[in-house]
$ cat final.pdb   # PDB, C-alpha atoms
ATOM      1  CA  MET G1124     -18.535  18.467  -2.651
ATOM      2  CA  ALA G1125     -15.050  18.240  -1.171
ATOM      3  CA  VAL G1126     -14.000  15.221   0.841
ATOM      4  CA  LYS G1127     -13.491  16.211   4.485
ATOM      5  CA  VAL G1128     -10.659  14.892   6.633
ATOM      6  CA  TYR G1129     -10.691  15.922  10.293
ATOM      7  CA  ILE G1130      -7.388  16.035  12.149
ATOM      8  CA  VAL G1131      -8.357  15.640  15.789
ATOM      9  CA  TYR G1132      -5.648  15.886  18.433
ATOM     10  CA  TYR G1133      -4.598  16.615  21.974
ATOM     11  CA  SER G1134      -1.348  18.477  22.541
ATOM     12  CA  LEU G1135       0.068  19.557  25.884
ATOM     13  CA  TYR G1136       3.398  21.115  24.918
ATOM     14  CA  GLY G1137       2.853  21.669  21.192
ATOM     15  CA  HIS G1138       4.670  18.721  19.611
ATOM     16  CA  VAL G1139       1.518  16.906  18.509
ATOM     17  CA  GLU G1140       0.009  20.123  17.194
ATOM     18  CA  ARG G1141       3.118  20.750  15.102
ATOM     19  CA  LEU G1142       2.670  17.348  13.472
ATOM     20  CA  ALA G1143      -1.060  17.998  13.076
ATOM     21  CA  ARG G1144      -0.439  21.178  11.106
ATOM     22  CA  GLU G1145       1.943  19.349   8.787
ATOM     23  CA  ILE G1146      -0.584  16.555   8.310
ATOM     24  CA  MET G1147      -3.137  19.217   7.412
ATOM     25  CA  LYS G1148      -0.814  20.468   4.659
ATOM     26  CA  GLY G1149      -0.530  16.931   3.349
ATOM     27  CA  VAL G1150      -4.301  16.472   3.305
ATOM     28  CA  ASN G1151      -4.843  19.769   1.521
ATOM     29  CA  SER G1152      -2.275  18.802  -1.119
ATOM     30  CA  VAL G1153      -4.765  16.290  -2.540
ATOM     31  CA  GLU G1154      -7.200  17.865  -4.995
ATOM     32  CA  GLY G1155     -10.787  17.702  -3.835
ATOM     33  CA  VAL G1156      -9.945  17.054  -0.190
ATOM     34  CA  GLU G1157     -10.141  19.578   2.649
ATOM     35  CA  ALA G1158      -8.596  19.279   6.114
ATOM     36  CA  LYS G1159      -9.848  20.772   9.350
ATOM     37  CA  LEU G1160      -7.999  20.901  12.651
ATOM     38  CA  TRP G1161      -9.779  20.180  15.927
ATOM     39  CA  GLN G1162      -8.612  19.885  19.535
ATOM     40  CA  VAL G1163     -10.244  17.651  22.101
ATOM     41  CA  PRO G1164     -11.273  19.260  25.412
ATOM     42  CA  GLU G1165      -8.672  19.704  28.128
ATOM     43  CA  THR G1166      -9.405  17.831  31.343
ATOM     44  CA  LEU G1167      -6.745  19.454  33.529
ATOM     45  CA  SER G1168      -7.427  22.623  35.486
ATOM     46  CA  ILE G1169      -5.601  25.880  34.824
ATOM     47  CA  GLU G1170      -3.743  25.362  38.092
ATOM     48  CA  GLU G1171      -2.603  21.885  37.080
ATOM     49  CA  LEU G1172      -1.525  23.097  33.642
ATOM     50  CA  GLY G1173       0.450  25.843  35.326
ATOM     51  CA  LYS G1174       2.312  23.361  37.498
ATOM     52  CA  LEU G1175       3.178  21.408  34.359
ATOM     53  CA  ARG G1176       4.409  24.628  32.714
ATOM     54  CA  ALA G1177       2.203  23.941  29.719
ATOM     55  CA  PRO G1178       1.979  26.786  27.189
ATOM     56  CA  PRO G1179      -1.411  28.375  26.371
ATOM     57  CA  LYS G1180      -3.665  26.481  24.002
ATOM     58  CA  SER G1181      -3.865  27.611  20.385
ATOM     59  CA  ASP G1182      -7.044  28.962  18.820
ATOM     60  CA  VAL G1183      -7.855  25.661  17.096
ATOM     61  CA  PRO G1184     -11.553  24.939  17.853
ATOM     62  CA  ILE G1185     -12.643  22.319  20.365
ATOM     63  CA  ILE G1186     -14.487  19.385  18.866
ATOM     64  CA  THR G1187     -17.652  17.723  20.144
ATOM     65  CA  PRO G1188     -18.744  14.173  19.239
ATOM     66  CA  ASN G1189     -21.604  15.356  17.000
ATOM     67  CA  LYS G1190     -19.042  16.854  14.615
ATOM     68  CA  LEU G1191     -17.349  13.550  13.835
ATOM     69  CA  PRO G1192     -19.968  12.128  11.414
ATOM     70  CA  GLU G1193     -19.454  15.174   9.170
ATOM     71  CA  ALA G1194     -15.986  13.923   8.213
ATOM     72  CA  ASP G1195     -15.111  11.376   5.543
ATOM     73  CA  GLY G1196     -11.834  10.438   7.227
ATOM     74  CA  PHE G1197      -9.756  11.139  10.318
ATOM     75  CA  VAL G1198      -6.225  11.422  11.633
ATOM     76  CA  PHE G1199      -6.100  11.216  15.426
ATOM     77  CA  GLY G1200      -3.067  12.488  17.335
ATOM     78  CA  PHE G1201      -1.963  12.456  20.970
ATOM     79  CA  PRO G1202       1.073  12.271  23.235
ATOM     80  CA  THR G1203       1.677   9.012  25.047
ATOM     81  CA  ARG G1204       1.135   8.382  28.727
ATOM     82  CA  PHE G1205       2.855   5.193  29.869
ATOM     83  CA  GLY G1206       2.652   3.641  26.402
ATOM     84  CA  MET G1207      -0.960   4.586  25.687
ATOM     85  CA  MET G1208      -2.866   7.615  24.428
ATOM     86  CA  ALA G1209      -3.154  10.555  26.811
ATOM     87  CA  ALA G1210      -6.182  10.470  29.106
ATOM     88  CA  GLN G1211      -7.572  13.654  27.570
ATOM     89  CA  PHE G1212      -8.038  11.963  24.213
ATOM     90  CA  LYS G1213      -9.428   8.802  25.783
ATOM     91  CA  ALA G1214     -11.889  10.932  27.761
ATOM     92  CA  PHE G1215     -13.132  12.464  24.523
ATOM     93  CA  LEU G1216     -13.560   9.060  22.882
ATOM     94  CA  ASP G1217     -15.470   7.912  25.952
ATOM     95  CA  THR G1218     -18.138  10.494  25.068
ATOM     96  CA  THR G1219     -18.784   8.960  21.629
ATOM     97  CA  GLY G1220     -21.038   6.166  22.857
ATOM     98  CA  GLY G1221     -23.992   7.486  20.872
ATOM     99  CA  LEU G1222     -21.969   7.269  17.663
ATOM    100  CA  TRP G1223     -20.853   3.765  18.583
ATOM    101  CA  LYS G1224     -24.436   2.630  19.159
ATOM    102  CA  THR G1225     -25.470   3.745  15.671
ATOM    103  CA  GLN G1226     -22.092   2.924  14.060
ATOM    104  CA  MET G1227     -22.086   6.339  12.423
ATOM    105  CA  LEU G1228     -18.317   6.219  11.914
ATOM    106  CA  ALA G1229     -18.182   2.697  10.465
ATOM    107  CA  GLY G1230     -16.314   2.379   7.191
ATOM    108  CA  LYS G1231     -14.480   5.676   7.560
ATOM    109  CA  PRO G1232     -10.665   5.620   7.282
ATOM    110  CA  ALA G1233      -8.621   6.782  10.252
ATOM    111  CA  GLY G1234      -4.904   7.187  10.892
ATOM    112  CA  ILE G1235      -2.949   7.756  14.092
ATOM    113  CA  PHE G1236       0.042   9.942  15.002
ATOM    114  CA  TYR G1237       1.781  10.493  18.305
ATOM    115  CA  SER G1238       4.571  11.955  20.403
ATOM    116  CA  THR G1239       6.669  10.253  23.079
ATOM    117  CA  SER G1240       9.428  11.502  25.334
ATOM    118  CA  SER G1241      11.896   8.764  24.436
ATOM    119  CA  GLN G1242      12.616   5.894  22.066
ATOM    120  CA  GLY G1243      11.230   3.387  24.538
ATOM    121  CA  GLY G1244       8.275   5.566  25.465
ATOM    122  CA  GLY G1245       5.613   3.919  23.334
ATOM    123  CA  GLN G1246       5.973   4.920  19.683
ATOM    124  CA  GLU G1247       4.314   1.685  18.626
ATOM    125  CA  THR G1248       2.396   0.607  21.737
ATOM    126  CA  THR G1249       0.532   3.918  21.738
ATOM    127  CA  ALA G1250      -0.672   3.258  18.203
ATOM    128  CA  LEU G1251      -1.422  -0.408  18.867
ATOM    129  CA  THR G1252      -3.539   0.286  21.943
ATOM    130  CA  ALA G1253      -5.351   3.141  20.174
ATOM    131  CA  ILE G1254      -6.503   0.875  17.362
ATOM    132  CA  THR G1255      -9.063  -0.689  19.728
ATOM    133  CA  GLN G1256     -10.978   2.591  19.709
ATOM    134  CA  LEU G1257     -11.239   2.501  15.916
ATOM    135  CA  VAL G1258     -12.276  -1.150  15.910
ATOM    136  CA  HIS G1259     -15.290  -0.635  18.155
ATOM    137  CA  HIS G1260     -16.485   2.204  15.938
ATOM    138  CA  GLY G1261     -16.003   0.103  12.816
ATOM    139  CA  MET G1262     -13.497   2.528  11.358
ATOM    140  CA  ILE G1263     -10.810   1.414   8.930
ATOM    141  CA  PHE G1264      -7.320   1.807  10.372
ATOM    142  CA  VAL G1265      -4.967   3.230   7.741
ATOM    143  CA  PRO G1266      -1.270   2.783   8.580
ATOM    144  CA  ILE G1267       1.318   4.422   6.369
ATOM    145  CA  GLY G1268       3.403   1.266   6.147
ATOM    146  CA  TYR G1269       6.674   2.025   4.379
ATOM    147  CA  THR G1270       5.075   4.162   1.668
ATOM    148  CA  LEU G1271       7.284   7.132   2.544
ATOM    149  CA  GLY G1272      10.208   5.218   1.058
ATOM    150  CA  PRO G1273      13.843   5.623   2.170
ATOM    151  CA  GLY G1274      12.848   8.086   4.910
ATOM    152  CA  MET G1275      11.317   5.195   6.834
ATOM    153  CA  LEU G1276      14.664   3.396   6.925
ATOM    154  CA  GLU G1277      16.817   6.344   7.994
ATOM    155  CA  MET G1278      19.335   5.216  10.625
ATOM    156  CA  LYS G1279      21.707   8.171  10.895
ATOM    157  CA  GLU G1280      19.426  10.405  12.912
ATOM    158  CA  LEU G1281      16.959  10.008  15.729
ATOM    159  CA  LYS G1282      13.435  10.006  14.322
ATOM    160  CA  GLY G1283       9.988   9.249  15.592
ATOM    161  CA  GLY G1284       7.194   7.598  13.692
ATOM    162  CA  SER G1285       6.725   4.061  12.409
ATOM    163  CA  PRO G1286       4.659   2.129   9.862
ATOM    164  CA  TYR G1287       1.697   2.823  12.170
ATOM    165  CA  GLY G1288       1.865   6.591  11.654
ATOM    166  CA  ALA G1289       3.871   9.772  12.007
ATOM    167  CA  GLY G1290       5.569  10.480  15.314
ATOM    168  CA  THR G1291       8.099  12.609  17.109
ATOM    169  CA  TYR G1292      10.235  12.576  20.239
ATOM    170  CA  ALA G1293       9.803  15.406  22.730
ATOM    171  CA  GLY G1294      12.643  14.556  25.116
ATOM    172  CA  ASP G1295      12.477  16.967  28.029
ATOM    173  CA  GLY G1296      10.178  19.151  25.939
ATOM    174  CA  SER G1297      12.875  21.189  24.252
ATOM    175  CA  ARG G1298      13.249  18.919  21.221
ATOM    176  CA  GLN G1299      10.984  19.836  18.307
ATOM    177  CA  PRO G1300       9.902  17.700  15.314
ATOM    178  CA  THR G1301      12.692  17.324  12.776
ATOM    179  CA  GLU G1302      12.447  17.835   9.030
ATOM    180  CA  LEU G1303      12.233  14.085   8.494
ATOM    181  CA  GLU G1304       9.463  13.724  11.077
ATOM    182  CA  LEU G1305       7.564  16.582   9.454
ATOM    183  CA  ASP G1306       8.026  14.994   6.028
ATOM    184  CA  GLN G1307       6.478  11.822   7.417
ATOM    185  CA  ALA G1308       3.553  13.802   8.837
ATOM    186  CA  PHE G1309       2.944  15.542   5.497
ATOM    187  CA  HIS G1310       3.069  12.176   3.759
ATOM    188  CA  GLN G1311       0.570  10.699   6.195
ATOM    189  CA  GLY G1312      -1.866  13.509   5.486
ATOM    190  CA  ASN G1313      -1.480  13.092   1.740
ATOM    191  CA  TYR G1314      -1.790   9.318   1.993
ATOM    192  CA  ILE G1315      -4.959   9.171   4.072
ATOM    193  CA  ALA G1316      -6.547  11.977   2.043
ATOM    194  CA  THR G1317      -6.025   9.937  -1.100
ATOM    195  CA  ILE G1318      -7.632   6.875   0.496
ATOM    196  CA  ALA G1319     -10.539   8.891   1.935
ATOM    197  CA  LYS G1320     -11.195  10.313  -1.519
ATOM    198  CA  GLN G1321     -11.156   6.860  -3.100
ATOM    199  CA  LEU G1322     -13.580   5.505  -0.494
ATOM    200  CA  LYS G1323     -15.908   8.490  -0.833
ATOM    201  CA  ASP G1324     -16.057   7.936  -4.598
ATOM    202  CA  ASP G1325     -16.927   4.258  -4.074
ATOM    203  CA  THR G1326     -20.546   3.510  -4.983
ATOM    204  CA  HIS G1327     -20.729   0.279  -2.979
ATOM    205  CA  PRO G1328     -23.993   0.185  -0.954
ATOM    206  CA  PHE G1329     -22.028  -0.035   2.306
ATOM    207  CA  PHE G1330     -21.039   3.579   1.893
ATOM    208  CA  THR G1331     -24.467   4.814   0.796
ATOM    209  CA  ASP G1332     -27.074   2.845   2.737
ATOM    210  CA  ARG G1333     -27.145   2.242   6.468
ATOM    211  CA  ILE G1334     -28.883  -0.805   7.893
ATOM    212  CA  TYR G1335     -29.379   0.692  11.350
TER     213      TYR G1335
END
$ encode --input "final.pdb" --output "structure tokens"
Amino acid sequence: MAVKVYIVYYSLYGHVERLAREIMKGVNSVEGVEAKLWQVPETLSIEELGKLRAPPKSDVPIITPNKLPEADGFVFGFPTRFGMMAAQFKAFLDTTGGLWKTQMLAGKPAGIFYSTSSQGGGQETTALTAITQLVHHGMIFVPIGYTLGPGMLEMKELKGGSPYGAGTYAGDGSRQPTELELDQAFHQGNYIATIAKQLKDDTHPFFTDRIY
């Protein structure tokens, strides 16, 4: 049976979804691992989205909490709001109390990716504050570190992302993810898929027997 990695995200203007699709390619590049894209529910009304000039949502399915235990690993993505994850994604996580109570997600690897409007907009604080959500569920945070190599140290061009995970800058909304940012996203998908596969193959009792 294939190892399943769910890429769960919220995207208002499309930047996070662009990274998500590249991460999906990276996951699928690992033999024996399959990626699936999910969106979290929108909390804003159609009228509010119209005022924000947000484009229509894509046809990526909306996830519900009961789907999460099906996955062997996750990559969670969201734009930042004042240095933290967008409220839409937090609202979704707030509905996972039943999974927290039973620790159904404990031991599963999870990565984080994000989009900010500017260099000082929370590329790292968004990831740092999001880790608390993983901790309470007992998930294993998987940063990419500097495993991408020289691309992580590029100084000649503006680039999002960090050792915490892939990222992009949206600016006023017109800027789109660059080739380097997309390379980082692909690498993140490949990296976490490899780890999820290794953990799934582990025969340690923690991964086979629950004590709850």
$ closest_residue --input "final.pdb" --among "G:Gln1242, G:Gln1226, G:Thr1301, G:Thr1317" --to "Gly1149 (chain G)" --atoms "only C-alpha atoms"
G:Thr1317
$ atom_distance --input "final.pdb" --atom1 "CA of Pro1286 (chain G)" --atom2 "CA of Ile1263 (chain G)"
15.5 Å
$ closest_residue --input "final.pdb" --among "G:Ser1285, G:Asn1151, G:Ser1134, G:Thr1166" --to "Gln1211 (chain G)" --atoms "all atoms listed in the file"
G:Thr1166
$ resolve_selection --input "final.pdb" --expression "the PyMOL selection byres ((chain G and resi 1260) around 6)" --output "number ranges by chain"
G: 1223, 1226, 1228-1229, 1257-1259, 1261-1262
$ atom_distance --input "final.pdb" --atom1 "CA of Lys1148 (chain G)" --atom2 "CA of Pro1202 (chain G)"
20.4 Å
$ closest_residue --input "final.pdb" --among "G:Gly1155, G:Gly1245, G:Gly1296, G:Pro1232" --to "Met1208 (chain G)" --atoms "only C-alpha atoms"
G:Gly1245
$ closest_residue --input "final.pdb" --among "G:Leu1271, G:Ile1185, G:Met1207, G:Leu1191" --to "Glu1165 (chain G)" --atoms "only C-alpha atoms"
G:Ile1185
$ residues_around --input "final.pdb" --residues "Glu1157 (chain G)" --least-positions-apart "2" --cutoff "8 Å" --atoms "all atoms listed in the file" --output "count of residues only"
8
$ closest_atom_pairs --input "final.pdb" --of "region 1232-1269 of chain G" --to "region 1140-1144 of chain G" --cutoff "10 Å" --atoms "only C-alpha atoms" --output "Markdown table"
| residue | atom | partner | partner_atom | distance |
| --- | --- | --- | --- | --- |
| G:Phe1236 | CA | G:Leu1142 | CA | 8.0 |
| G:Tyr1237 | CA | G:Leu1142 | CA | 8.4 |
| G:Ser1238 | CA | G:Leu1142 | CA | 9.0 |
